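Raw model.pdb, PDB, C-alpha atoms:
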```
MODEL        1
ATOM      1  CA  MET A   1     -13.118 -17.539 -31.382  1.00  0.00           C
ATOM      2  CA  ASN A   2     -11.233 -20.843 -31.651  1.00  0.00           C
ATOM      3  CA  THR A   3      -9.452 -22.675 -28.817  1.00  0.00           C
ATOM      4  CA  LYS A   4      -5.999 -21.511 -29.891  1.00  0.00           C
ATOM      5  CA  ASN A   5      -7.060 -17.878 -29.706  1.00  0.00           C
ATOM      6  CA  ASN A   6      -8.777 -18.433 -26.359  1.00  0.00           C
ATOM      7  CA  GLN A   7      -5.629 -20.013 -24.962  1.00  0.00           C
ATOM      8  CA  ARG A   8      -3.483 -17.191 -26.318  1.00  0.00           C
ATOM      9  CA  PHE A   9      -5.843 -14.589 -24.862  1.00  0.00           C
ATOM     10  CA  GLN A  10      -5.801 -16.309 -21.463  1.00  0.00           C
ATOM     11  CA  LYS A  11      -2.025 -16.727 -21.566  1.00  0.00           C
ATOM     12  CA  THR A  12      -1.535 -13.023 -22.342  1.00  0.00           C
ATOM     13  CA  GLU A  13      -3.894 -12.088 -19.516  1.00  0.00           C
ATOM     14  CA  GLN A  14      -1.979 -14.323 -17.133  1.00  0.00           C
ATOM     15  CA  GLN A  15       1.339 -12.788 -18.267  1.00  0.00           C
ATOM     16  CA  ILE A  16      -0.043  -9.294 -17.676  1.00  0.00           C
ATOM     17  CA  GLU A  17      -1.196 -10.206 -14.159  1.00  0.00           C
ATOM     18  CA  GLU A  18       2.040 -11.996 -13.224  1.00  0.00           C
ATOM     19  CA  THR A  19       4.282  -9.254 -14.625  1.00  0.00           C
ATOM     20  CA  PHE A  20       2.238  -6.610 -12.839  1.00  0.00           C
ATOM     21  CA  LEU A  21       2.795  -8.431  -9.532  1.00  0.00           C
ATOM     22  CA  LEU A  22       6.525  -8.698 -10.239  1.00  0.00           C
ATOM     23  CA  LEU A  23       6.757  -4.986 -11.000  1.00  0.00           C
ATOM     24  CA  CYS A  24       4.869  -4.222  -7.784  1.00  0.00           C
ATOM     25  CA  GLN A  25       7.731  -5.755  -5.807  1.00  0.00           C
ATOM     26  CA  SER A  26       9.909  -2.777  -6.717  1.00  0.00           C
ATOM     27  CA  THR A  27       7.397  -0.095  -7.762  1.00  0.00           C
ATOM     28  CA  ALA A  28       4.189   1.149  -6.155  1.00  0.00           C
ATOM     29  CA  PRO A  29       1.169  -0.112  -8.127  1.00  0.00           C
ATOM     30  CA  ASP A  30      -0.043   3.414  -8.853  1.00  0.00           C
ATOM     31  CA  LYS A  31       3.362   4.267 -10.366  1.00  0.00           C
ATOM     32  CA  ILE A  32       3.358   1.410 -12.891  1.00  0.00           C
ATOM     33  CA  THR A  33       2.381   2.461 -16.410  1.00  0.00           C
ATOM     34  CA  VAL A  34       0.780   0.448 -19.178  1.00  0.00           C
ATOM     35  CA  LYS A  35       3.807   1.250 -21.353  1.00  0.00           C
ATOM     36  CA  GLN A  36       6.218  -0.071 -18.709  1.00  0.00           C
ATOM     37  CA  LEU A  37       4.156  -3.220 -18.207  1.00  0.00           C
ATOM     38  CA  CYS A  38       3.926  -3.917 -21.951  1.00  0.00           C
ATOM     39  CA  GLN A  39       7.671  -3.379 -22.444  1.00  0.00           C
ATOM     40  CA  GLU A  40       8.414  -5.803 -19.621  1.00  0.00           C
ATOM     41  CA  ILE A  41       6.205  -8.500 -21.173  1.00  0.00           C
ATOM     42  CA  GLY A  42       7.074  -7.736 -24.773  1.00  0.00           C
ATOM     43  CA  ILE A  43       3.539  -7.041 -26.003  1.00  0.00           C
ATOM     44  CA  ASN A  44       1.907  -4.095 -27.738  1.00  0.00           C
ATOM     45  CA  ARG A  45      -0.238  -1.724 -25.712  1.00  0.00           C
ATOM     46  CA  SER A  46      -3.196  -2.733 -27.887  1.00  0.00           C
ATOM     47  CA  SER A  47      -2.807  -6.260 -26.465  1.00  0.00           C
ATOM     48  CA  PHE A  48      -3.037  -4.842 -22.954  1.00  0.00           C
ATOM     49  CA  TYR A  49      -6.091  -2.757 -23.879  1.00  0.00           C
ATOM     50  CA  ALA A  50      -7.802  -5.851 -25.294  1.00  0.00           C
ATOM     51  CA  HIS A  51      -7.890  -7.066 -21.675  1.00  0.00           C
ATOM     52  CA  TYR A  52      -8.001  -3.955 -19.476  1.00  0.00           C
ATOM     53  CA  LEU A  53      -8.828  -0.256 -19.650  1.00  0.00           C
ATOM     54  CA  ASP A  54      -5.896   0.787 -17.453  1.00  0.00           C
ATOM     55  CA  ILE A  55      -3.923  -0.328 -14.385  1.00  0.00           C
ATOM     56  CA  PRO A  56      -6.789   0.249 -11.897  1.00  0.00           C
ATOM     57  CA  ASP A  57      -9.032  -1.827 -14.168  1.00  0.00           C
ATOM     58  CA  LEU A  58      -6.380  -4.583 -14.155  1.00  0.00           C
ATOM     59  CA  ILE A  59      -6.420  -4.571 -10.342  1.00  0.00           C
ATOM     60  CA  GLN A  60     -10.221  -4.592 -10.154  1.00  0.00           C
ATOM     61  CA  LYS A  61     -10.797  -7.308 -12.764  1.00  0.00           C
ATOM     62  CA  THR A  62      -8.093  -9.484 -11.257  1.00  0.00           C
ATOM     63  CA  GLY A  63      -9.685  -8.944  -7.836  1.00  0.00           C
ATOM     64  CA  ILE A  64     -13.058 -10.070  -9.131  1.00  0.00           C
ATOM     65  CA  LYS A  65     -11.400 -13.132 -10.652  1.00  0.00           C
ATOM     66  CA  TYR A  66      -9.762 -14.074  -7.317  1.00  0.00           C
ATOM     67  CA  ILE A  67     -12.974 -13.442  -5.338  1.00  0.00           C
ATOM     68  CA  SER A  68     -14.932 -15.517  -7.862  1.00  0.00           C
ATOM     69  CA  LYS A  69     -12.479 -18.399  -7.458  1.00  0.00           C
ATOM     70  CA  ILE A  70     -12.882 -18.235  -3.689  1.00  0.00           C
ATOM     71  CA  ARG A  71     -16.675 -17.972  -3.997  1.00  0.00           C
ATOM     72  CA  ASP A  72     -16.769 -20.961  -6.376  1.00  0.00           C
ATOM     73  CA  LEU A  73     -14.601 -23.027  -4.051  1.00  0.00           C
ATOM     74  CA  PHE A  74     -16.812 -22.298  -1.075  1.00  0.00           C
ATOM     75  CA  SER A  75     -20.144 -22.531  -2.867  1.00  0.00           C
ATOM     76  CA  GLN A  76     -19.325 -26.205  -3.392  1.00  0.00           C
ATOM     77  CA  ASN A  77     -19.549 -26.629   0.389  1.00  0.00           C
ATOM     78  CA  GLY A  78     -22.912 -24.923   0.914  1.00  0.00           C
ATOM     79  CA  MET A  79     -23.835 -21.401   1.924  1.00  0.00           C
ATOM     80  CA  ILE A  80     -21.044 -18.936   1.363  1.00  0.00           C
ATOM     81  CA  MET A  81     -21.906 -16.923   4.475  1.00  0.00           C
ATOM     82  CA  GLU A  82     -21.116 -19.936   6.678  1.00  0.00           C
ATOM     83  CA  HIS A  83     -17.472 -19.365   5.754  1.00  0.00           C
ATOM     84  CA  PHE A  84     -17.655 -16.134   7.732  1.00  0.00           C
ATOM     85  CA  THR A  85     -19.064 -17.808  10.871  1.00  0.00           C
ATOM     86  CA  SER A  86     -17.251 -21.137  11.074  1.00  0.00           C
ATOM     87  CA  LEU A  87     -13.638 -21.180  12.284  1.00  0.00           C
ATOM     88  CA  PRO A  88     -12.497 -23.995   9.957  1.00  0.00           C
ATOM     89  CA  LEU A  89     -14.258 -22.506   6.926  1.00  0.00           C
ATOM     90  CA  LEU A  90     -13.178 -18.917   7.647  1.00  0.00           C
ATOM     91  CA  THR A  91      -9.622 -20.162   8.123  1.00  0.00           C
ATOM     92  CA  GLN A  92      -9.861 -21.853   4.733  1.00  0.00           C
ATOM     93  CA  LEU A  93     -11.025 -18.588   3.153  1.00  0.00           C
ATOM     94  CA  ILE A  94      -8.183 -16.624   4.769  1.00  0.00           C
ATOM     95  CA  GLU A  95      -5.689 -19.273   3.621  1.00  0.00           C
ATOM     96  CA  GLN A  96      -6.822 -18.527   0.051  1.00  0.00           C
ATOM     97  CA  VAL A  97      -6.070 -14.850   0.656  1.00  0.00           C
ATOM     98  CA  TYR A  98      -2.696 -15.806   2.161  1.00  0.00           C
ATOM     99  CA  ASP A  99      -1.829 -18.013  -0.827  1.00  0.00           C
ATOM    100  CA  ASN A 100      -2.422 -14.990  -3.077  1.00  0.00           C
ATOM    101  CA  ARG A 101      -1.204 -12.374  -0.603  1.00  0.00           C
ATOM    102  CA  ASP A 102       0.906 -10.405  -3.073  1.00  0.00           C
ATOM    103  CA  PHE A 103      -2.151  -9.663  -5.144  1.00  0.00           C
ATOM    104  CA  PHE A 104      -4.614  -9.201  -2.255  1.00  0.00           C
ATOM    105  CA  ASP A 105      -2.273  -6.709  -0.580  1.00  0.00           C
ATOM    106  CA  ILE A 106      -2.470  -4.585  -3.727  1.00  0.00           C
ATOM    107  CA  TYR A 107      -6.189  -5.213  -4.189  1.00  0.00           C
ATOM    108  CA  PHE A 108      -7.245  -4.281  -0.650  1.00  0.00           C
ATOM    109  CA  ASN A 109      -4.890  -1.318  -0.390  1.00  0.00           C
ATOM    110  CA  HIS A 110      -5.261   0.152  -3.902  1.00  0.00           C
ATOM    111  CA  THR A 111      -8.971  -0.285  -4.550  1.00  0.00           C
ATOM    112  CA  ASN A 112     -11.421   2.246  -3.197  1.00  0.00           C
ATOM    113  CA  THR A 113     -13.809   1.188  -0.451  1.00  0.00           C
ATOM    114  CA  ASN A 114     -16.920   1.529  -2.599  1.00  0.00           C
ATOM    115  CA  THR A 115     -15.492  -0.823  -5.231  1.00  0.00           C
ATOM    116  CA  LEU A 116     -14.447  -3.393  -2.611  1.00  0.00           C
ATOM    117  CA  ASN A 117     -17.902  -3.265  -1.039  1.00  0.00           C
ATOM    118  CA  LYS A 118     -19.475  -3.646  -4.483  1.00  0.00           C
ATOM    119  CA  HIS A 119     -17.374  -6.739  -5.215  1.00  0.00           C
ATOM    120  CA  PHE A 120     -18.242  -8.276  -1.852  1.00  0.00           C
ATOM    121  CA  SER A 121     -21.924  -7.379  -2.284  1.00  0.00           C
ATOM    122  CA  LEU A 122     -22.085 -10.117  -4.918  1.00  0.00           C
ATOM    123  CA  LEU A 123     -22.452 -12.405  -1.905  1.00  0.00           C
ATOM    124  CA  TRP A 124     -25.563 -10.585  -0.620  1.00  0.00           C
ATOM    125  CA  ASP A 125     -28.574 -12.240  -2.276  1.00  0.00           C
ATOM    126  CA  ALA A 126     -27.041 -15.679  -2.620  1.00  0.00           C
ATOM    127  CA  SER A 127     -25.827 -16.131   0.916  1.00  0.00           C
ATOM    128  CA  ALA A 128     -25.685 -13.230   3.368  1.00  0.00           C
ATOM    129  CA  LYS A 129     -29.348 -12.265   3.224  1.00  0.00           C
ATOM    130  CA  PRO A 130     -30.682 -15.831   3.733  1.00  0.00           C
ATOM    131  CA  TYR A 131     -28.124 -16.369   6.488  1.00  0.00           C
ATOM    132  CA  LEU A 132     -29.189 -13.228   8.361  1.00  0.00           C
ATOM    133  CA  GLN A 133     -32.833 -14.160   7.886  1.00  0.00           C
ATOM    134  CA  SER A 134     -32.121 -17.494   9.561  1.00  0.00           C
ATOM    135  CA  PHE A 135     -31.410 -15.504  12.756  1.00  0.00           C
ATOM    136  CA  GLY A 136     -34.776 -13.792  12.613  1.00  0.00           C
ATOM    137  CA  LEU A 137     -33.738 -10.567  10.910  1.00  0.00           C
ATOM    138  CA  THR A 138     -36.436  -9.528   8.462  1.00  0.00           C
ATOM    139  CA  ASP A 139     -35.921  -5.838   7.845  1.00  0.00           C
ATOM    140  CA  GLU A 140     -34.004  -5.481   4.556  1.00  0.00           C
ATOM    141  CA  LYS A 141     -32.262  -2.251   5.593  1.00  0.00           C
ATOM    142  CA  HIS A 142     -31.293  -3.678   8.981  1.00  0.00           C
ATOM    143  CA  MET A 143     -29.790  -6.766   7.328  1.00  0.00           C
ATOM    144  CA  GLN A 144     -27.899  -4.595   4.830  1.00  0.00           C
ATOM    145  CA  TYR A 145     -26.384  -2.589   7.678  1.00  0.00           C
ATOM    146  CA  HIS A 146     -25.179  -5.798   9.362  1.00  0.00           C
ATOM    147  CA  PHE A 147     -23.631  -7.017   6.110  1.00  0.00           C
ATOM    148  CA  THR A 148     -21.993  -3.642   5.366  1.00  0.00           C
ATOM    149  CA  PHE A 149     -20.564  -3.445   8.867  1.00  0.00           C
ATOM    150  CA  PHE A 150     -19.172  -6.966   8.727  1.00  0.00           C
ATOM    151  CA  THR A 151     -17.750  -6.530   5.212  1.00  0.00           C
ATOM    152  CA  ALA A 152     -15.964  -3.300   6.147  1.00  0.00           C
ATOM    153  CA  GLY A 153     -14.432  -4.875   9.245  1.00  0.00           C
ATOM    154  CA  PHE A 154     -13.453  -8.043   7.398  1.00  0.00           C
ATOM    155  CA  ILE A 155     -11.710  -6.091   4.629  1.00  0.00           C
ATOM    156  CA  ALA A 156     -10.000  -3.793   7.150  1.00  0.00           C
ATOM    157  CA  VAL A 157      -8.617  -6.695   9.212  1.00  0.00           C
ATOM    158  CA  LEU A 158      -7.329  -8.525   6.133  1.00  0.00           C
ATOM    159  CA  SER A 159      -5.857  -5.321   4.724  1.00  0.00           C
ATOM    160  CA  GLN A 160      -3.992  -4.623   7.977  1.00  0.00           C
ATOM    161  CA  TRP A 161      -2.787  -8.229   8.188  1.00  0.00           C
ATOM    162  CA  LEU A 162      -1.494  -8.117   4.616  1.00  0.00           C
ATOM    163  CA  SER A 163       0.178  -4.732   5.170  1.00  0.00           C
ATOM    164  CA  ASP A 164       1.912  -6.117   8.256  1.00  0.00           C
ATOM    165  CA  GLY A 165       3.343  -9.030   6.248  1.00  0.00           C
ATOM    166  CA  CYS A 166       0.929 -11.788   7.367  1.00  0.00           C
ATOM    167  CA  LYS A 167       2.822 -12.433  10.601  1.00  0.00           C
ATOM    168  CA  GLU A 168      -0.103 -14.275  12.200  1.00  0.00           C
ATOM    169  CA  LYS A 169      -1.347 -17.587  10.849  1.00  0.00           C
ATOM    170  CA  PRO A 170      -4.654 -17.574   8.939  1.00  0.00           C
ATOM    171  CA  GLU A 171      -6.362 -19.392  11.827  1.00  0.00           C
ATOM    172  CA  GLU A 172      -5.318 -16.635  14.255  1.00  0.00           C
ATOM    173  CA  ILE A 173      -6.833 -13.987  11.975  1.00  0.00           C
ATOM    174  CA  ALA A 174     -10.001 -16.069  11.640  1.00  0.00           C
ATOM    175  CA  LYS A 175     -10.270 -16.230  15.447  1.00  0.00           C
ATOM    176  CA  ILE A 176      -9.847 -12.453  15.716  1.00  0.00           C
ATOM    177  CA  ILE A 177     -12.565 -11.833  13.127  1.00  0.00           C
ATOM    178  CA  LEU A 178     -14.949 -14.318  14.733  1.00  0.00           C
ATOM    179  CA  ALA A 179     -14.341 -12.942  18.234  1.00  0.00           C
ATOM    180  CA  LYS A 180     -15.223  -9.424  17.094  1.00  0.00           C
ATOM    181  CA  GLN A 181     -18.208 -10.633  15.104  1.00  0.00           C
ATOM    182  CA  ASN A 182     -19.498 -12.753  17.986  1.00  0.00           C
ATOM    183  CA  ALA A 183     -19.109  -9.898  20.462  1.00  0.00           C
ATOM    184  CA  LEU A 184     -21.185  -7.634  18.237  1.00  0.00           C
ATOM    185  CA  THR A 185     -23.860 -10.070  17.093  1.00  0.00           C
ATOM    186  CA  GLY A 186     -24.073 -12.587  19.896  1.00  0.00           C
ATOM    187  CA  LEU A 187     -23.530 -15.401  17.385  1.00  0.00           C
ATOM    188  CA  THR A 188     -21.160 -18.212  18.216  1.00  0.00           C
ATOM    189  CA  ALA A 189     -18.691 -19.935  15.907  1.00  0.00           C
ATOM    190  CA  ARG A 190     -19.502 -23.425  14.728  1.00  0.00           C
TER     191      ARG A 190
ENDMDL
END
```
Can I see the file as structure tokens?
Amino acid sequence: MNTKNNQRFQKTEQQIEETFLLLCQSTAPDKITVKQLCQEIGINRSSFYAHYLDIPDLIQKTGIKYISKIRDLFSQNGMIMEHFTSLPLLTQLIEQVYDNRDFFDIYFNHTNTNTLNKHFSLLWDASAKPYLQSFGLTDEKHMQYHFTFFTAGFIAVLSQWLSDGCKEKPEEIAKIILAKQNALTGLTAR
């Protein structure tokens, strides 16, 4: 595929994502149809289907894209898991969610828990497992339970914050998450 086609493909994908978010301002995400979205953009449904299977697939693939961008940003600074234990780094992560809050509100509240956990589990081998091992945890199942527990709480707090309109600053949410995590694990923020 040549550069022109790649740019056109990416531009169409971006238009689909942006138009979907605009439609979500007046319509619940689960009420938006592919036909409605395509009419709004002015593309054929086959163009939509070249990118996504359906609306839930659009939400999931866009979510993976946003999480990957966050992961890439933070992997430049070292271990990803440190962003969940350091106030400045966790604040930075939550600011990324805030900057894309319209999408993350949809993503966290219209994606099933198993899918969210699966997307976050991409962090397991690369960062969470080595991080937990650094605290002396060696049992694989035990470490997985810690990670699952933290991930569920993290997603729940962010989901509630987004649903409430992000009234608190990202740093306040980071402090809440760290306080709960520290109380349960005995770890202290760096």
Residue nearest Gln60 of chain A - candidates A:Leu23, A:Leu116, A:Val157, A:Cys38, atoms counted: all atoms listed in the file: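 Ranking A:Leu23, A:Leu116, A:Val157, A:Cys38 by distance to Gln60 of chain A, first place goes to A:Leu116.
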Which neighbours of Thr19 of chain A fall inside 10 Å, counting only C-alpha atoms, when residues of the same chain fewer than 6 positions from it are skipped, and could you give them as a ChimeraX atom specification? /A:13,37-38,40-41
Excluding Thr33 of chain A and residues on its chain fewer than 3 positions from it, collect all residues at most 10 Å away from it, counting all atoms listed in the file, and give them as an MDAnalysis selection string. chainID A and resid 20 29:30 36:39 54:55
For a cutoff of 12 Å around the file-coordinate point (-15.0, -6.4, 11.2), which residues qualify once you count only C-alpha atoms? I'd like the result as a PyMOL selection string. chain A and resi 84+146-160+173-185
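Rounded to one decimal, atom CA of Ile64 of chain A and atom CA of Lys141 of chain A lie 25.4 Å from each other.
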